[in-house]
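Listing of my_file_13.cif, mmCIF, C-alpha atoms
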```
data_structure
loop_
_atom_site.label_atom_id
_atom_site.label_comp_id
_atom_site.auth_asym_id
_atom_site.auth_seq_id
_atom_site.Cartn_x
_atom_site.Cartn_y
_atom_site.Cartn_z
CA MET A 1 68.18 -40.37 183.15
CA LEU A 2 68.62 -37.42 185.50
CA THR A 3 70.74 -34.39 184.57
CA TRP A 4 71.13 -31.33 186.76
CA LEU A 5 70.89 -27.92 185.12
CA LEU A 6 72.59 -25.05 186.96
CA ASP A 7 72.32 -21.30 186.50
CA ILE A 8 75.09 -20.05 188.80
CA GLY A 9 74.74 -16.28 189.11
CA ASN A 10 76.56 -13.69 191.15
CA SER A 11 73.97 -13.72 193.93
CA HIS A 12 71.87 -16.87 193.53
CA THR A 13 72.11 -20.33 191.99
CA ARG A 14 69.10 -22.00 190.41
CA ILE A 15 69.08 -25.80 190.33
CA ALA A 16 66.75 -27.72 188.01
CA ALA A 17 66.29 -31.42 187.35
CA TRP A 18 65.95 -32.61 183.75
CA ARG A 19 64.41 -36.07 183.58
CA ASN A 20 62.41 -37.76 180.81
CA GLY A 21 62.04 -34.52 178.87
CA VAL A 22 60.70 -32.53 181.82
CA MET A 23 62.47 -29.71 183.68
CA THR A 24 61.69 -29.06 187.34
CA VAL A 25 63.27 -26.22 189.29
CA VAL A 26 64.07 -27.78 192.64
CA ARG A 27 66.07 -25.17 194.53
CA VAL A 28 67.27 -21.58 194.54
CA MET A 29 70.10 -20.82 196.95
CA PRO A 30 72.81 -18.23 197.58
CA THR A 31 75.75 -18.81 195.25
CA ALA A 32 78.22 -18.22 198.09
CA GLY A 33 77.13 -21.51 199.67
CA PHE A 34 76.77 -23.58 196.51
CA GLU A 35 79.00 -26.62 195.97
CA ALA A 36 78.75 -30.03 194.35
CA GLY A 37 77.23 -31.44 197.53
CA SER A 38 74.33 -28.99 197.26
CA LEU A 39 72.75 -31.19 194.60
CA PRO A 40 70.07 -33.51 195.99
CA GLU A 41 71.65 -36.63 194.46
CA PRO A 42 74.66 -37.54 192.29
CA ALA A 43 74.09 -37.12 188.54
CA PRO A 44 75.74 -35.44 185.54
CA ALA A 45 75.23 -31.68 185.29
CA ALA A 46 75.40 -28.77 182.87
CA ALA A 47 76.01 -25.23 184.05
CA ALA A 48 76.21 -21.59 183.16
CA CYS A 49 78.54 -20.17 185.79
CA VAL A 50 79.62 -16.53 186.08
CA VAL A 51 81.62 -16.93 189.32
CA PRO A 52 85.17 -18.20 188.61
CA GLU A 53 85.77 -19.39 192.18
CA VAL A 54 82.63 -21.55 192.10
CA ARG A 55 83.57 -22.96 188.69
CA ARG A 56 87.04 -23.92 189.98
CA ARG A 57 85.45 -25.59 193.00
CA LEU A 58 83.13 -27.62 190.78
CA GLU A 59 85.93 -28.57 188.37
CA ASP A 60 87.90 -29.94 191.31
CA SER A 61 84.95 -32.01 192.53
CA GLU A 62 83.84 -35.44 191.37
CA LEU A 63 80.79 -33.94 189.68
CA ARG A 64 80.58 -34.68 185.94
CA ILE A 65 79.74 -31.27 184.56
CA ARG A 66 79.61 -29.51 181.19
CA PHE A 67 80.14 -25.77 181.32
CA VAL A 68 78.41 -23.57 178.75
CA ASP A 69 80.25 -20.67 177.12
CA ALA A 70 80.51 -18.99 173.72
CA ALA A 71 82.86 -21.73 172.48
CA HIS A 72 80.68 -24.54 173.84
CA CYS A 73 77.06 -23.86 172.93
CA ASN A 74 76.28 -26.77 170.61
CA GLY A 75 76.69 -24.50 167.56
CA LEU A 76 73.28 -22.92 168.20
CA ILE A 77 74.49 -19.30 168.08
CA ASP A 78 77.18 -17.79 165.85
CA PHE A 79 79.61 -15.95 168.13
CA SER A 80 82.19 -15.26 165.40
CA GLY A 81 81.41 -11.55 165.11
CA GLY A 82 83.45 -10.34 168.08
CA ASP A 83 85.75 -11.28 170.94
CA TYR A 84 83.38 -13.20 173.15
CA SER A 85 86.00 -15.24 175.00
CA THR A 86 84.94 -13.59 178.28
CA LEU A 87 81.21 -13.43 177.54
CA GLY A 88 79.25 -14.48 180.61
CA ALA A 89 77.87 -18.00 180.42
CA ASP A 90 74.44 -16.79 181.50
CA ARG A 91 74.39 -14.41 178.54
CA VAL A 92 75.29 -17.30 176.22
CA ALA A 93 72.43 -19.35 177.66
CA ASN A 94 70.06 -16.39 177.28
CA ALA A 95 70.99 -15.98 173.62
CA VAL A 96 70.43 -19.70 172.98
CA ALA A 97 67.05 -19.65 174.75
CA LEU A 98 65.99 -16.53 172.85
CA ALA A 99 66.79 -18.09 169.48
CA ALA A 100 65.03 -21.33 170.42
CA GLY A 101 61.81 -19.84 171.70
CA PHE A 102 61.20 -16.39 170.21
CA GLU A 103 61.04 -14.68 166.85
CA LEU A 104 64.31 -13.14 165.65
CA PRO A 105 65.83 -10.61 165.55
CA GLY A 106 65.39 -10.41 169.29
CA ALA A 107 66.84 -9.01 172.48
CA VAL A 108 67.03 -10.32 176.02
CA VAL A 109 67.33 -8.03 179.03
CA ASP A 110 68.49 -9.99 182.07
CA CYS A 111 67.59 -8.09 185.23
CA GLY A 112 69.79 -9.49 187.98
CA THR A 113 72.74 -8.25 190.01
CA ALA A 114 73.96 -6.88 186.70
CA LEU A 115 71.57 -5.65 184.04
CA THR A 116 72.58 -7.12 180.69
CA LEU A 117 71.43 -7.01 177.09
CA GLU A 118 71.88 -9.81 174.54
CA VAL A 119 70.95 -9.31 170.87
CA VAL A 120 70.58 -12.10 168.28
CA ASP A 121 69.78 -11.44 164.62
CA SER A 122 67.65 -13.49 162.22
CA ASP A 123 70.70 -15.56 161.18
CA ARG A 124 71.29 -16.54 164.82
CA ARG A 125 74.36 -14.34 164.99
CA PHE A 126 75.15 -12.78 168.33
CA ARG A 127 75.27 -9.04 167.77
CA GLY A 128 76.59 -8.05 171.19
CA GLY A 129 74.92 -6.26 174.04
CA ALA A 130 75.41 -4.16 177.14
CA ILE A 131 76.18 -4.45 180.86
CA MET A 132 75.42 -2.12 183.75
CA PRO A 133 74.60 -2.47 187.47
CA GLY A 134 71.12 -3.64 188.38
CA ARG A 135 68.85 -1.71 190.72
CA ALA A 136 69.81 -3.56 193.91
CA LEU A 137 73.52 -3.19 193.19
CA MET A 138 73.12 0.54 192.48
CA SER A 139 71.30 0.98 195.77
CA ARG A 140 73.95 -0.94 197.71
CA VAL A 141 76.88 0.87 196.10
CA LEU A 142 75.35 4.29 196.80
CA HIS A 143 74.78 3.30 200.42
CA GLU A 144 78.30 1.90 200.88
CA GLY A 145 80.00 4.74 198.99
CA THR A 146 78.35 7.65 200.78
CA ALA A 147 78.04 8.79 204.38
CA ALA A 148 74.29 9.27 204.65
CA LEU A 149 72.38 7.63 201.77
CA PRO A 150 70.32 4.64 202.92
CA GLU A 151 70.13 1.33 201.07
CA THR A 152 66.70 1.63 199.52
CA PRO A 153 64.09 -1.15 199.54
CA LEU A 154 62.92 -1.78 195.98
CA ASP A 155 59.60 -3.02 194.67
CA ASP A 156 58.10 -3.83 191.27
CA ARG A 157 56.48 -0.41 190.75
CA PRO A 158 58.43 2.39 189.02
CA PHE A 159 58.35 5.45 191.30
CA PRO A 160 56.03 7.86 189.44
CA THR A 161 57.55 11.28 190.10
CA CYS A 162 60.45 13.21 191.58
CA GLY A 163 61.15 12.14 195.15
CA THR A 164 60.30 14.66 197.87
CA ASN A 165 62.54 12.91 200.41
CA THR A 166 65.88 11.14 200.13
CA ARG A 167 64.49 7.60 200.03
CA ASP A 168 61.98 8.41 197.28
CA ALA A 169 64.60 10.40 195.35
CA LEU A 170 66.75 7.27 195.34
CA ARG A 171 63.83 5.13 194.15
CA PHE A 172 63.01 7.60 191.40
CA GLY A 173 66.64 8.05 190.39
CA ILE A 174 67.65 4.39 190.37
CA GLY A 175 64.41 3.06 188.90
CA GLY A 176 64.08 5.82 186.33
CA GLY A 177 67.74 5.44 185.41
CA VAL A 178 67.38 1.72 184.76
CA ILE A 179 64.21 2.17 182.71
CA GLY A 180 65.78 4.99 180.71
CA ALA A 181 68.94 2.97 180.06
CA VAL A 182 67.06 -0.06 178.77
CA ARG A 183 64.81 2.04 176.57
CA GLU A 184 67.89 3.73 175.09
CA TRP A 185 69.61 0.37 174.54
CA LEU A 186 66.60 -0.92 172.62
CA ASP A 187 66.22 2.29 170.61
CA MET A 188 69.88 2.11 169.58
CA VAL A 189 69.58 -1.56 168.58
CA ARG A 190 66.50 -0.76 166.49
CA ARG A 191 68.56 1.63 164.38
CA ASN A 192 70.21 -1.46 162.89
CA LEU A 193 67.75 -4.28 163.52
CA GLU A 194 63.97 -4.52 163.41
CA LEU A 195 63.45 -6.32 166.68
CA LYS A 196 60.65 -8.87 166.62
CA SER A 197 61.04 -9.92 170.27
CA VAL A 198 62.09 -8.25 173.51
CA VAL A 199 62.35 -10.69 176.41
CA LEU A 200 62.87 -9.90 180.10
CA THR A 201 64.33 -12.40 182.54
CA GLY A 202 65.84 -12.34 186.01
CA GLY A 203 64.59 -11.26 189.40
CA ASP A 204 63.81 -7.66 188.42
CA ALA A 205 61.94 -8.53 185.20
CA ALA A 206 58.52 -7.57 186.58
CA PHE A 207 59.77 -4.07 187.38
CA LEU A 208 60.90 -3.43 183.81
CA ALA A 209 57.85 -5.12 182.31
CA ALA A 210 55.64 -2.42 183.82
CA ALA A 211 57.55 0.22 181.85
CA LEU A 212 58.16 -1.69 178.59
CA PRO A 213 54.82 -2.75 177.09
CA GLU A 214 56.52 -4.26 174.04
CA ALA A 215 58.44 -6.74 176.20
CA VAL A 216 57.41 -10.16 177.50
CA VAL A 217 58.57 -11.73 180.75
CA ALA A 218 60.32 -15.03 180.06
CA PRO A 219 59.29 -18.28 181.74
CA GLU A 220 60.98 -19.07 185.04
CA ASP A 221 63.20 -21.70 183.41
CA PHE A 222 64.34 -19.48 180.48
CA THR A 223 68.09 -19.37 181.23
CA LEU A 224 68.10 -22.98 182.42
CA ALA A 225 66.48 -24.00 179.12
CA GLY A 226 69.33 -22.23 177.35
CA VAL A 227 71.84 -24.16 179.46
CA ARG A 228 70.22 -27.45 178.49
CA LEU A 229 70.17 -26.66 174.78
CA ALA A 230 73.71 -25.26 174.74
CA ALA A 231 74.97 -28.39 176.47
CA GLY A 232 73.23 -30.62 173.92
CA ILE A 233 71.03 -32.36 176.47
CA ARG A 234 67.91 -33.95 174.98
#
```
Could you express the structure from this file as structure tokens?
Amino acid sequence: MLTWLLDIGNSHTRIAAWRNGVMTVVRVMPTAGFEAGSLPEPAPAAAACVVPEVRRRLEDSELRIRFVDAAHCNGLIDFSGGDYSTLGADRVANAVALAAGFELPGAVVDCGTALTLEVVDSDRRFRGGAIMPGRALMSRVLHEGTAALPETPLDDRPFPTCGTNTRDALRFGIGGGVIGAVREWLDMVRRNLELKSVVLTGGDAAFLAAALPEAVVAPEDFTLAGVRLAAGIR
């Protein structure tokens, strides 16, 4: 039986097919254009969706869909330690995938439009995390909020030294700021937990991996695997 797995992010939506115990990522598309008709064929679906307008559109469609959130994660993570009623569904899926595939205590850094941290302890309790803008969003906001700063192309290499022109100063400032923030997050978590795993996922994972030798880059289907498990799909 076919089930669609959906990771509906702020910028892009990843669509995977789950059939006979095998997951296949079939499409990545802009979230702005995603709707029920974007699926290649009718079938039940499970989704982590962080865009309320898209979720409302899907709920109003004929698509049979299970949405993952902190209250609906198949009991795989204990979210009783805080107010997680507004916790992003992608972060829930990341926590589930972390606990299923990596040694705990562990942390996930999701490097997308937003840069997020999810921490799970050895008892599978969600210990919270952090949220800040990702590199591309920082670059865009600086460009849109100032008169002369360009929107800076980004690559997977941390800029090695102080920029000697505006574009390189932006690369050094944004990239170094993100690396420094994540290192500080992990150092602060380690004051209370002995992390056994640090996992990077999302489109900017390779950039951070170059600066964090203790981290591993998750498989392409990491968040989608969390969606499947949280939705109880076998």
Inset, instruction - On this file, the PyMOL selection byres ((chain A and resi 70) around 7) gives some set of residues; write that set as a PyMOL selection string. - result: chain A and resi 69+71-73+79+84-85+87+92
Expected file: the selected residues, C-alpha atoms, as a PDB file, in the frame of the given file:
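result.pdb written:
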```pdb
ATOM      1  CA  ASP A  69      80.250 -20.670 177.120  1.00  0.00           C
ATOM      2  CA  ALA A  71      82.860 -21.730 172.480  1.00  0.00           C
ATOM      3  CA  HIS A  72      80.680 -24.540 173.840  1.00  0.00           C
ATOM      4  CA  CYS A  73      77.060 -23.860 172.930  1.00  0.00           C
ATOM      5  CA  PHE A  79      79.610 -15.950 168.130  1.00  0.00           C
ATOM      6  CA  TYR A  84      83.380 -13.200 173.150  1.00  0.00           C
ATOM      7  CA  SER A  85      86.000 -15.240 175.000  1.00  0.00           C
ATOM      8  CA  LEU A  87      81.210 -13.430 177.540  1.00  0.00           C
ATOM      9  CA  VAL A  92      75.290 -17.300 176.220  1.00  0.00           C
TER      10      VAL A  92
END
```
Inset, instruction - Report as a ChimeraX atom specification the residues that result from applying the PyMOL selection byres ((chain A and resi 55) around 12) to the structure here. - result: /A:6-10,31-32,34-36,46-54,56-61,63,65-68,89
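One distance worth recording is that between atom CA of A:Phe126 and atom CA of A:Val189, which is 12.5 Å.
Atom to atom, atom CA of A:Val178 and atom CA of A:Thr164 stand 19.7 Å apart.
Across the model, the gap from atom CA of A:Ser38 to atom CA of A:Asn20 is 22.1 Å.
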Sorted by chain and rising residue number, list the residues of stretch 118-215 of chain A at most 8 Å from stretch 94-107 of chain A (counting only C-alpha atoms), each with its closest atom pair and distance in Å to one decimal, as JSON lines.
```
{"residue": "A:Glu118", "atom": "CA", "partner": "A:Ala107", "partner_atom": "CA", "distance": 5.5}
{"residue": "A:Val119", "atom": "CA", "partner": "A:Ala107", "partner_atom": "CA", "distance": 4.4}
{"residue": "A:Val120", "atom": "CA", "partner": "A:Gly106", "partner_atom": "CA", "distance": 5.6}
{"residue": "A:Asp121", "atom": "CA", "partner": "A:Pro105", "partner_atom": "CA", "distance": 4.1}
{"residue": "A:Ser122", "atom": "CA", "partner": "A:Pro105", "partner_atom": "CA", "distance": 4.8}
{"residue": "A:Arg124", "atom": "CA", "partner": "A:Ala99", "partner_atom": "CA", "distance": 6.7}
{"residue": "A:Phe126", "atom": "CA", "partner": "A:Ala95", "partner_atom": "CA", "distance": 7.5}
{"residue": "A:Leu193", "atom": "CA", "partner": "A:Pro105", "partner_atom": "CA", "distance": 6.9}
{"residue": "A:Glu194", "atom": "CA", "partner": "A:Pro105", "partner_atom": "CA", "distance": 6.7}
{"residue": "A:Leu195", "atom": "CA", "partner": "A:Pro105", "partner_atom": "CA", "distance": 5.0}
{"residue": "A:Lys196", "atom": "CA", "partner": "A:Pro105", "partner_atom": "CA", "distance": 5.6}
{"residue": "A:Ser197", "atom": "CA", "partner": "A:Gly106", "partner_atom": "CA", "distance": 4.5}
{"residue": "A:Val198", "atom": "CA", "partner": "A:Ala107", "partner_atom": "CA", "distance": 4.9}
{"residue": "A:Val199", "atom": "CA", "partner": "A:Ala107", "partner_atom": "CA", "distance": 6.2}
```
Legend entry - Nearest to A:Trp18, chosen from A:Met1, A:Leu212, A:Ala148, A:Met132, with only C-alpha atoms counted in the distances: A:Met1
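The shortest atom-to-atom distance to A:Val28, with only C-alpha atoms taken into account, belongs to A:Gly203 out of A:Arg234, A:Pro153, A:Gly203, A:Arg135.
If all atoms listed in the file are the atoms counted, then among A:Pro219, A:Pro213, A:Gly128, A:Gly134 the closest residue to A:Gly177 is A:Gly134.
Proximity of A:Gly145, A:Gly226, A:Pro160, A:Pro133 to A:Val182, computed with all atoms listed in the file, is greatest for A:Pro133.
Non-sequential neighbours of A:Phe172 (distance at most 10 Å, separation of 2 or more positions within a chain, only C-alpha atoms) are Pro158, Phe159, Pro160, Thr161, Cys162, Gly163, Thr164, Thr166, Arg167, Asp168, Ala169, Leu170, Ile174, Gly175, Gly176, Gly177 and Val178 of chain A.
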Inset, instruction - Go through the shown structure with the PyMOL selection byres ((chain A and resi 4) around 6) and write out the matching residues as a PyMOL selection string. - result: chain A and resi 3+5+16-17+45
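Of the listed residues A:Ala206, A:Ile15, A:Val216, A:Leu149, the one whose atoms come nearest to A:Pro30 is A:Ile15, with distances taken using all atoms listed in the file.
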